[in-house]
Each structure stands twice: as C-alpha cells, then as structure tokens.
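All remarks here apply to the structure that follows.
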Amino acid sequence: MRKLKALFYNEIIKIRLKPSVIVFLVLTMFAGMLAPVGVRLIAMFTASAMTYYQSDSTIMEEDTKNSIAGFQKEIDDITARIASIEAMDVSPEEKDMMLAAANYELGSAQDRLDIYSLALENKVYPGYDGTFAGESIAKLTMLRMTIRDAEAVYEAKPSDNKRDEIDLLKSISQDYEAVLKTKDFHAFLDAENRRIDADSSLTVREKETQLELLAIRLALMPDGNITPSQDGDARMQAYYDIADKMLSLDSGVNSYTGSPMTLKERQFAESELRIMNYRLDNSCYPLRMDDSDRLSAFNTSISFGMFFVTIMMIIIAGGTVSHEISTGSIKSLIIAPVKRYKIWIAKLCSLVVTGLVAVLLLYLASILGHGFVYGFNSTVPYVYIAGDAISMMPAYVFVLLKALIAYVDVLFLICFAFMCSIISRNTALSVALPLGAFFGGSIAKQACMMLPNMEMLKFMPFNNLDLTGRLFPYAGLMSSGYDFTMEMMQTPFNYQTPPAIFSLIYLGVLAFTMLFISFDSFTRRDIR
Amino acid sequence: MESIMRIQNVSKTIGRKKIIDNISFELRQGEVFGFLGPNGAGKTTTIKMIMGFFSVDEGDIIIDGFDHRKKYESAMAALGGIVENPEMYQDLSGRVNLEMYARLHDGVTPGRIDEVVRLVGMEDRINDKIKRYSLGMKQRVGLAQALLHRPKILILDEPTNGLDPAGIRELRDILKKLAHEENVAVMVSSHLLSEMQMMCDRVAIINNGRILKVLLMDEISNQGNRTPSYFLTVSDPAGATKITASVEGAEIVRTDEVGFEVRAAEDILQKIIFDLLSKKIVITGISQMKVSLEDAFLEITGGGMHIA
C-alpha cells in the first residue's frame, strides 16, 4: 500500500508538469468562467432588441387602422353584393338563401370592425398585445360569432331557453368590452369564469381544468402582466407550459407529436405536472427570465469545460504508458522494487483523479463566473420524483452532480485511451483513436437517430453515453419556457436511447473488459 | 566470498529464437563481475530479465536469498542499476527524479540523496532539468539513482558508453571502491575486453546466449604476461622442430612449411639458435610474436569468437 501511494504520488507529479495539462486546465477554467458572461451578453442583447420592438406603437397603430379599413372595404363589398342579389332574377327561395349567407358575412365583418375600433380606441392592438387585453379581443370575436349562430337558431325556432342563453352571452361579451376599457385583470378573470361556465360544449372535467388554470393564472400574474417585460414573458410562458401539460393530459394527445399519448408519455407528463405544481406551491418555479439564463449559463459552462477536460484526459491517458516506453523513462519504474500491477493501478488512479480534479476545478470556475454575473444567491432548485416522493435538490448540487455524471463519459474514454496506450505502445495512435471515438461517436449517434428503431442499436457504446439527460429527466422544468428541443433531448423514453440502468451496466462491462485487457498486457508483456 | 545472486539454468525465447540458452552463474559480494560478449550475445537480455523488464521463461533467479518470481519486491530491493542509457523524466530536475525513485524504496533519507549526488559530483547541476544534461551527466545521475538505496547488487549495462576517458576512469574507481570497500557486488556488461581487464575481478564470457566460461581476470592477464614466442624461418622446419623440442624450456607452438613458432625465454632462444646452427640448419629470419590480451583470451575461450 505504501508503494502504491508512492507510485500514485509520482504519477501525479509527472502529469502535473506536462505543458499540455496546464494549457487545457486553463482553457477549462476559462470556459467555465466566461460561459456565463457570454450567455448574459446574449440575453442582454436579445432584451434590448425586444424592448425596441415593443416600444414602437406607431407601427402597431398603423396596422390596426389598416385592418379596420380592410373590414370596412369588406362591408362595402358585401353590401354591394346584397344589392346585386336583390336585383337578380332567381326563385325567392334561392334569393333568400343567398341573402342569408351574405348577411351572415356582413354581420361578422361588422362585428370585427366594431371590436377592432373599440380596441384602437383603448390602445389595445390585436395581434401585438400579448396580455389579457389582447386575449379579450380574441375572446370577444369568438363570442360574437357564437351569439350570431345562436340568434340564427333562435330565429328559426324561438324558445325561452335560447333567448336566455343569448342574453347571457351578450352580457359576457359586454364584460370583455369593459375589460378593454378598464384593463382590469380581475374583471377579465370574472368574464372568463362566466364564459367557461356558460360554454355548453365543454365537459365537466374540461370546465374544472379551465377554472383551475384561471386560478393558476391569477397566482402567477396578480396584475395580469399588463406592462410587458421579460419576466412577464417568462411568467406567461410558465402559464402556457402548465396549461399545455394539463390540457394534453385531459385530451390524451401529445401536443408536440399530435398523436395519442403512450402510457409512458402519460406517466411522464403526470410526473411533470406534479413537479410543476410542487414548484408553484413551494415558490421555486422559474418565473424570471434570469432563472432560465442562469441555468443555461451553468449548462454552457459545464459542456464547454467538459469538452476540454475530455480532450485533455484523452491526451494524458493515451500517452501514459506508450510515451514512457518510447522515451525510456519507464525504466526507472521497472527497476524499482514494485510489482507491475501496482504501477498499472497507480497509473489508472492518477488518470481518474486528475480528471476528477479537472471537473471540480471546472465546477468551481463556473460557480465563480456564474456568481460574478448573476450573483451568488441560490438559483432555482432541481425538483424530481424518486419512487413516489417528490424531492428538491439545490441548483449548485444539481450542477455538480451533472458535471460528475458527464465525467462518466470521460472515464469511459480514459479506459479506452489507456488500453490503446498499453497495447499499441504508440502514443499517436492511442490519442487519435479515442479522439476519433469522441468526435465520431456523437456523429454516429445522430446518424442512429435517423435509423429505424432496432434493438441492436442499444449495443452501440456511444448510444449509451451522455447519461445526464436520462438521469435528470426533469431538468427541462428548471427554466421557464418549455424548449421543444430540450424536451426532445431530455425525454427518458426517446426510443433510441436505452434506459440509464442498462447504459450504466453496459458501459461498466465494456470498461471492465478494456481494463482487463490492458491489465493483462501490462503485467505480462516484456518491455524492450 | 559469499554469493549474493544466483542465476540458475535460465532460458529466454523471443519469437522463435532462443535468445538465452540455459545460463547459470553467480555474483559474489565485494567483486566486480564482468559480463563480456559481442553485440547480440545476450548480455542486455540477461540483465533485463534480472531487472524485471523481461519475464523468465525457464530457470530461477535468486537475489539476496529471495526468489525473483515469488518474492519479487524483496528481491528487487537489493538491486540497483542502469539498463542501456539512463532515461529519466526530461521535464523534471535531477533531484526530483531522484526523489521520485527514492519514494519507491524503503528508508532513503533526503540526506542520502545529497550524499549520492556528491558521490557522482553533480552538486552544481542537480536542480537543472534532465533535458539540459549532457549524456555524461545523465550517466552520473543514473548512477546516483542506482546507488540511492544502498543496493547490495549494482548492475550496469555498458556503463562506459558516452563517457570520456576521464569519466571512465572515475567510474572505474567508484565501482572498485564500492566493491572492495563497501562489499557491493557489481556486475558490468561490456563488449570491450580492455575495459573489463581494468575493472573486473571476474568475467563471464557469453556468446549466442550461452556462457562459454567464467574466469578470474588474473588468469587472462597472466596469459598475457607469460613467456614470449618467436617465429623462426628455417631451411628444414621438420628437422628444426625436432632439434628444438629437445631443448629444455622450449615449447613448440606450431610448425609450417617455412618455419616454426616456439615459446621460450631469451636465454633458451639463444641456445636453440646455437643448436640449430650447429646442426647446419639455416635460419633466414627470427621475429618475436606479439602476444596480446586478445590472443590470450581467444586461446582460453578456444577461439571462434571475435572480441573487438
């Protein structure tokens, strides 16, 4: 054991003094520290662009006026058409039908003209306004249409029931008109409440969901988000995320693929919804644009840094034995009174420890860079479901774990490079092969995604790498604004990627095989 | 003298070729043992087997009472040495290299490092990086490394390579001192007999993977110092040989068509000449044969091997 320690210590001395190691460690630290700065700059740039766009109200006003002019023209056209129909020489029944259709069109155009004029009066610009006021315009348009349909039914077959329904709808639409004037969020919510309650096309369950969503909306945006801001957008996005999840669970249709949910998808969506609700209840929902930026800053730090760590470790591991043999420095190891297997163990351990130190340095650098840009107070935690219990993990711990799990890939490549180095005794080859596997593997993985789902694909080693997505399936919920690509990458049921447990065991078996081959070769082969 | 290392019936096959064929010899405390043979004779292979670079196919190596196979680390602890050129970590200083090596042994104190550095005369440059050293300096640091843990056996493979005459002389003195004063068993390989002659007490002669002979250096040297021989060109070599053989103290080495070679002291030679002349044999020439160390060596080993 004393000898092992001495050997290990010597190996660390050798690695520490390699110029390439120093260069790569510096690069890693820089990547970790500067990534948050880069992300922050991009976010600031986007924000300034967005503010500019929103502040230009003259364009929005112009656009609305154009729309109104368009509706006016439509009304004039229809009126002209009605006059020509009146003058036509056809049977009265036919004339009545054509007139009815034209009148219907006229009515709806008139409605839109009314609504848009009202909107313009109140400085709410349809198509631009992302707040509840803008939404009121859409709701109003729909209501007017429903009323028109109902009136048509009533005219054909008058009944008290229908009369009451029409009156109710009209009163609701008046509520919405009031919202446009007052811009009162609570009034909007009341109008929504009444509208949902009156909607006979909804089932009881659907009505419950809609009402629940309204409550969430009030909780997320007490002022209705009337002044547009980045954080407001994030809150809006959060609301849409939750709404999307709840509605697709109700309908049983995956909103991304448009096809019915599989059992697994359904279970995952339920878990996600549970986490979303938990986040809301424990006030750790990512409700500010910063929260998303912070997370992506961390992610960028780790992935850039790990890139350098991987290349560094391949270079060290690929030369660990072959370089010593080619320079002859291995002689002083062989002459020493230590058994070969101890040298092998010490070399492997020194590689693993060096990589680990690099990962920890990267983690510290990213925390520092992150802290300088966003402040050191903790950010949104990672919430997950283990077994049936829901738990929370601080973001700093989450990022550390993520970096360590990303290190599993590096460990695998270290084993490969170490084996190549021992077997080939050729440094160039033992660096080139693992580097090729590193770059080629990710390309090959992309290619596999395009192949039909074949059982054997899961035995491709690179299809089992990159465990973070599968071990942290709920990481996407740490940023507001449910990113589509994020969703695609992180889903645990992505058909090409085998389960994490399978991957871990399979990678373990492969690594063990490579280590066994290298051990056998190193302890038995002559050194010339 | 006590034996400290025994090589018993060791063989090694690389590929299909038997590089080392059943060799046996022993190393004794307090001697400088030469391992002499031409290039490719198996000197380095034997040393590499002892040092743990090569596996031993057959036979046993016993070092300091420990079986090389079963008690490798104990056996190797008694061993110090340099194989071929001393190669160390280029980017590290001589001292760090020594410290790293010292760590792998038991009981090497920092004071001991200073001591060996002083012994090889590298005090001034020991903190420089190895890559700034000349070959001679590397040899010195290599020797320091080999001596660091006070080995009972010191094995040096072609140690004079790259040393200047003064360096060779210094090395020779160090080795002799180690063997004769500190009772270390020193094993030195070389293809230069003259070098061996100057430092060794005993030599093993190896060729084609076999040990031809193990002898005391004195035996070879005595051969070199013995009675001179002369070649006499005569009219009747057969008759002359007969006459000379009857002279006491004369030894016929060989006879051919023009004359014969005889080994005799100067006074005996005078008597031979007188006898031949008195028997009417014409002597047309006398030349003294040069007896070199190499000849003596060839004679002992029975020829068949060229030593440069």
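Residues in the structure tokens are numbered from 1 in each chain, the chains being A, B, ... in the order shown, and ligands are numbered from 1 in the order shown.
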Using only C-alpha atoms, find which residues of chain A lie within 10 Å of chain B and jot them down as a PyMOL selection string. chain A and resi 2-7+9-11+13-14+17-19+324+327-340+523-528
Could you dump the residues just selected with C-alpha atoms as a compact mmCIF listing (two decimals), in the first residue's frame?
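Now in result31.txt:
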# COMPACT_ATOMS: atom_id res chain seq x y z
CA ARG A 2 2.88 2.36 0.80
CA LYS A 3 4.41 1.58 -2.56
CA LEU A 4 1.08 2.19 -4.30
CA LYS A 5 0.81 5.57 -2.65
CA ALA A 6 4.36 6.47 -3.66
CA LEU A 7 3.72 5.37 -7.24
CA TYR A 9 2.22 10.43 -5.99
CA ASN A 10 4.95 10.12 -8.63
CA GLU A 11 2.37 9.78 -11.39
CA ILE A 13 4.00 14.79 -10.28
CA LYS A 14 4.55 13.65 -13.87
CA LEU A 17 4.23 19.09 -15.12
CA LYS A 18 3.02 18.26 -18.61
CA PRO A 19 2.65 21.54 -20.55
CA GLU A 324 7.10 6.42 -21.12
CA THR A 327 11.24 7.88 -24.09
CA GLY A 328 12.58 5.07 -21.92
CA SER A 329 11.62 6.78 -18.70
CA ILE A 330 9.63 3.68 -17.78
CA LYS A 331 12.95 2.04 -16.92
CA SER A 332 13.19 3.74 -13.56
CA LEU A 333 9.73 2.36 -12.78
CA ILE A 334 10.56 -1.17 -13.84
CA ILE A 335 13.88 -1.26 -11.98
CA ALA A 336 12.18 -0.11 -8.79
CA PRO A 337 11.11 -2.85 -6.40
CA VAL A 338 7.41 -2.66 -7.24
CA LYS A 339 5.27 -5.23 -8.98
CA ARG A 340 3.91 -4.31 -12.36
CA THR A 523 1.63 -7.07 -16.29
CA ARG A 524 2.80 -9.79 -18.65
CA ARG A 525 4.37 -8.30 -21.74
CA ASP A 526 8.12 -7.72 -21.93
CA ILE A 527 9.31 -4.14 -22.08
CA ARG A 528 12.08 -3.71 -24.57
Show which residues sit within 10 Å of stretch 274-278 of chain A, as a VMD selection string. Count only C-alpha atoms, and ignore same-chain residues fewer than 2 positions away. chain A and resid 216 238 241 to 242 245 268 to 272 280 to 286 382 to 385 390 to 392 474 477 to 478
Could you save the residues just selected, with C-alpha atoms, as a PDB file, in the first residue's frame?
ATOM      1  CA  ILE A 216     -53.062  29.488 -11.530  1.00  0.00           C
ATOM      2  CA  ALA A 238     -44.821  29.286 -17.372  1.00  0.00           C
ATOM      3  CA  ASP A 241     -46.392  25.309 -20.009  1.00  0.00           C
ATOM      4  CA  ILE A 242     -48.747  24.318 -17.223  1.00  0.00           C
ATOM      5  CA  LYS A 245     -49.488  19.934 -19.796  1.00  0.00           C
ATOM      6  CA  PHE A 268     -44.050  11.258 -17.569  1.00  0.00           C
ATOM      7  CA  ALA A 269     -46.433  14.133 -18.277  1.00  0.00           C
ATOM      8  CA  GLU A 270     -48.207  13.416 -14.987  1.00  0.00           C
ATOM      9  CA  SER A 271     -44.892  13.483 -13.131  1.00  0.00           C
ATOM     10  CA  GLU A 272     -44.001  16.746 -14.809  1.00  0.00           C
ATOM     11  CA  LEU A 280     -45.712  26.580  -7.628  1.00  0.00           C
ATOM     12  CA  ASP A 281     -46.650  25.579  -4.082  1.00  0.00           C
ATOM     13  CA  ASN A 282     -43.073  25.902  -2.831  1.00  0.00           C
ATOM     14  CA  SER A 283     -42.428  29.099  -4.764  1.00  0.00           C
ATOM     15  CA  CYS A 284     -39.490  27.702  -6.697  1.00  0.00           C
ATOM     16  CA  TYR A 285     -40.977  27.972 -10.160  1.00  0.00           C
ATOM     17  CA  PRO A 286     -38.588  29.586 -12.656  1.00  0.00           C
ATOM     18  CA  TYR A 382     -33.934  20.782  -9.268  1.00  0.00           C
ATOM     19  CA  VAL A 383     -37.162  19.035  -8.316  1.00  0.00           C
ATOM     20  CA  TYR A 384     -37.543  15.343  -9.007  1.00  0.00           C
ATOM     21  CA  ILE A 385     -39.619  12.335  -8.156  1.00  0.00           C
ATOM     22  CA  ILE A 390     -41.087  14.422  -4.533  1.00  0.00           C
ATOM     23  CA  SER A 391     -37.734  15.954  -3.518  1.00  0.00           C
ATOM     24  CA  MET A 392     -35.747  19.086  -4.080  1.00  0.00           C
ATOM     25  CA  TYR A 474     -36.963  16.855 -15.111  1.00  0.00           C
ATOM     26  CA  LEU A 477     -38.577  22.200 -15.862  1.00  0.00           C
ATOM     27  CA  MET A 478     -35.817  24.298 -14.303  1.00  0.00           C
TER      28      MET A 478
END
Could you list, as a PyMOL selection string, every residue within 9 Å of stretch 23-32 of chain A, counting only C-alpha atoms and ignoring same-chain residues fewer than 5 positions away? chain A and resi 298+300-309+311-312+358-359+361-370
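You will find atom CA of A:Arg194 at 17.0 Å from atom CA of A:Arg163.
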Between atom CA of B:Ile19 and atom CA of B:Gly42 - distance in Å to one decimal: 6.3 Å
Please identify the strand (DSSP E or B) residues within stretch 190-225 of chain B (assignment by DSSP from backbone atoms) and present them as a ChimeraX atom specification. /B:190,202-207,210-216
Just to be explicit: take each residue in the selection above, keep N, CA and C atoms, and write the result as an mmCIF file, in the first residue's frame.
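Written file, selection-v7.cif:
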data_model
loop_
_atom_site.group_PDB
_atom_site.id
_atom_site.type_symbol
_atom_site.label_atom_id
_atom_site.label_comp_id
_atom_site.auth_asym_id
_atom_site.auth_seq_id
_atom_site.Cartn_x
_atom_site.Cartn_y
_atom_site.Cartn_z
ATOM 1 N N SER B 190 29.895 -5.471 -20.983
ATOM 2 C CA SER B 190 30.655 -4.710 -21.961
ATOM 3 C C SER B 190 31.062 -5.614 -23.104
ATOM 4 N N ARG B 202 36.348 -10.727 -12.034
ATOM 5 C CA ARG B 202 35.952 -11.991 -12.643
ATOM 6 C C ARG B 202 35.135 -11.662 -13.888
ATOM 7 N N VAL B 203 35.223 -12.451 -14.907
ATOM 8 C CA VAL B 203 34.370 -12.224 -16.076
ATOM 9 C C VAL B 203 33.661 -13.500 -16.495
ATOM 10 N N ALA B 204 32.460 -13.300 -16.982
ATOM 11 C CA ALA B 204 31.754 -14.396 -17.641
ATOM 12 C C ALA B 204 31.749 -14.044 -19.104
ATOM 13 N N ILE B 205 32.070 -15.009 -19.924
ATOM 14 C CA ILE B 205 32.104 -14.738 -21.358
ATOM 15 C C ILE B 205 30.868 -15.374 -21.977
ATOM 16 N N ILE B 206 30.101 -14.542 -22.654
ATOM 17 C CA ILE B 206 28.829 -15.010 -23.192
ATOM 18 C C ILE B 206 28.811 -14.816 -24.689
ATOM 19 N N ASN B 207 28.297 -15.808 -25.386
ATOM 20 C CA ASN B 207 28.110 -15.676 -26.833
ATOM 21 C C ASN B 207 26.949 -16.547 -27.261
ATOM 22 N N ARG B 210 24.849 -18.324 -24.659
ATOM 23 C CA ARG B 210 25.419 -19.317 -23.742
ATOM 24 C C ARG B 210 26.614 -18.716 -23.025
ATOM 25 N N ILE B 211 26.853 -19.159 -21.806
ATOM 26 C CA ILE B 211 28.050 -18.726 -21.101
ATOM 27 C C ILE B 211 29.170 -19.698 -21.465
ATOM 28 N N LEU B 212 30.212 -19.156 -22.056
ATOM 29 C CA LEU B 212 31.295 -20.025 -22.506
ATOM 30 C C LEU B 212 32.219 -20.387 -21.348
ATOM 31 N N LYS B 213 32.513 -19.396 -20.549
ATOM 32 C CA LYS B 213 33.464 -19.630 -19.476
ATOM 33 C C LYS B 213 33.324 -18.528 -18.438
ATOM 34 N N VAL B 214 33.575 -18.862 -17.219
ATOM 35 C CA VAL B 214 33.671 -17.824 -16.202
ATOM 36 C C VAL B 214 35.072 -17.918 -15.637
ATOM 37 N N LEU B 215 35.819 -16.843 -15.714
ATOM 38 C CA LEU B 215 37.181 -16.941 -15.187
ATOM 39 C C LEU B 215 37.621 -15.711 -14.420
ATOM 40 N N LEU B 216 38.673 -15.938 -13.632
ATOM 41 C CA LEU B 216 39.252 -14.824 -12.891
ATOM 42 C C LEU B 216 40.034 -13.969 -13.860
#
Quick one: residues within 8 Å of A:Lys170, only C-alpha atoms, excluding same-chain residues fewer than 4 positions away - as a ChimeraX atom specification? /A:147,166,174
A:Phe188: which residues within 9 Å, counting only C-alpha atoms, same-chain residues fewer than 2 positions away excluded, as an mmCIF file with C-alpha atoms, in the first residue's frame?
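The new file part_35.cif reads:
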data_model
loop_
_atom_site.group_PDB
_atom_site.id
_atom_site.type_symbol
_atom_site.label_atom_id
_atom_site.label_comp_id
_atom_site.auth_asym_id
_atom_site.auth_seq_id
_atom_site.Cartn_x
_atom_site.Cartn_y
_atom_site.Cartn_z
ATOM 1 C CA PHE A 132 -55.116 39.624 -21.249
ATOM 2 C CA ALA A 133 -56.385 42.738 -23.055
ATOM 3 C CA SER A 136 -60.035 39.741 -24.693
ATOM 4 C CA ASP A 175 -67.845 42.243 -19.721
ATOM 5 C CA TYR A 176 -65.000 41.692 -22.177
ATOM 6 C CA ALA A 178 -65.419 46.584 -20.319
ATOM 7 C CA VAL A 179 -62.082 44.832 -19.821
ATOM 8 C CA LEU A 180 -60.757 46.559 -22.927
ATOM 9 C CA LYS A 183 -57.797 46.913 -18.384
ATOM 10 C CA ASP A 184 -58.777 45.275 -15.136
ATOM 11 C CA PHE A 185 -57.354 41.765 -14.835
ATOM 12 C CA HIS A 186 -59.865 40.680 -12.233
ATOM 13 C CA ASP A 190 -64.575 37.126 -13.995
ATOM 14 C CA ALA A 191 -65.545 37.316 -17.651
ATOM 15 C CA GLU A 192 -63.520 34.164 -18.342
ATOM 16 C CA ASN A 193 -65.200 32.429 -15.440
ATOM 17 C CA GLY A 224 -52.378 40.340 -15.361
#
Filtered DSSP result for stretch 239-414 of chain A, state helix (DSSP H, G or I), as a PyMOL selection string: chain A and resi 239-251+263-281+289-319+322-327+331-335+340-374+395-414
Excluding stretch 172-188 of chain B and its own-chain neighbours fewer than 4 positions away, which residues fall within 9 Å of it when counting only C-alpha atoms? Please give them as JSON, numbers by chain. {"B": [3, 4, 5, 27, 28, 29, 30, 31, 32, 33, 34, 35, 36, 119, 120, 150, 151, 152, 153, 154, 155, 156, 157, 158, 159, 167, 168, 196, 198, 199, 200]}
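Proximity of B:Glu26, B:Val262, B:Ala41, B:Asp128 to B:Gly249, computed with only C-alpha atoms, is greatest for B:Val262.
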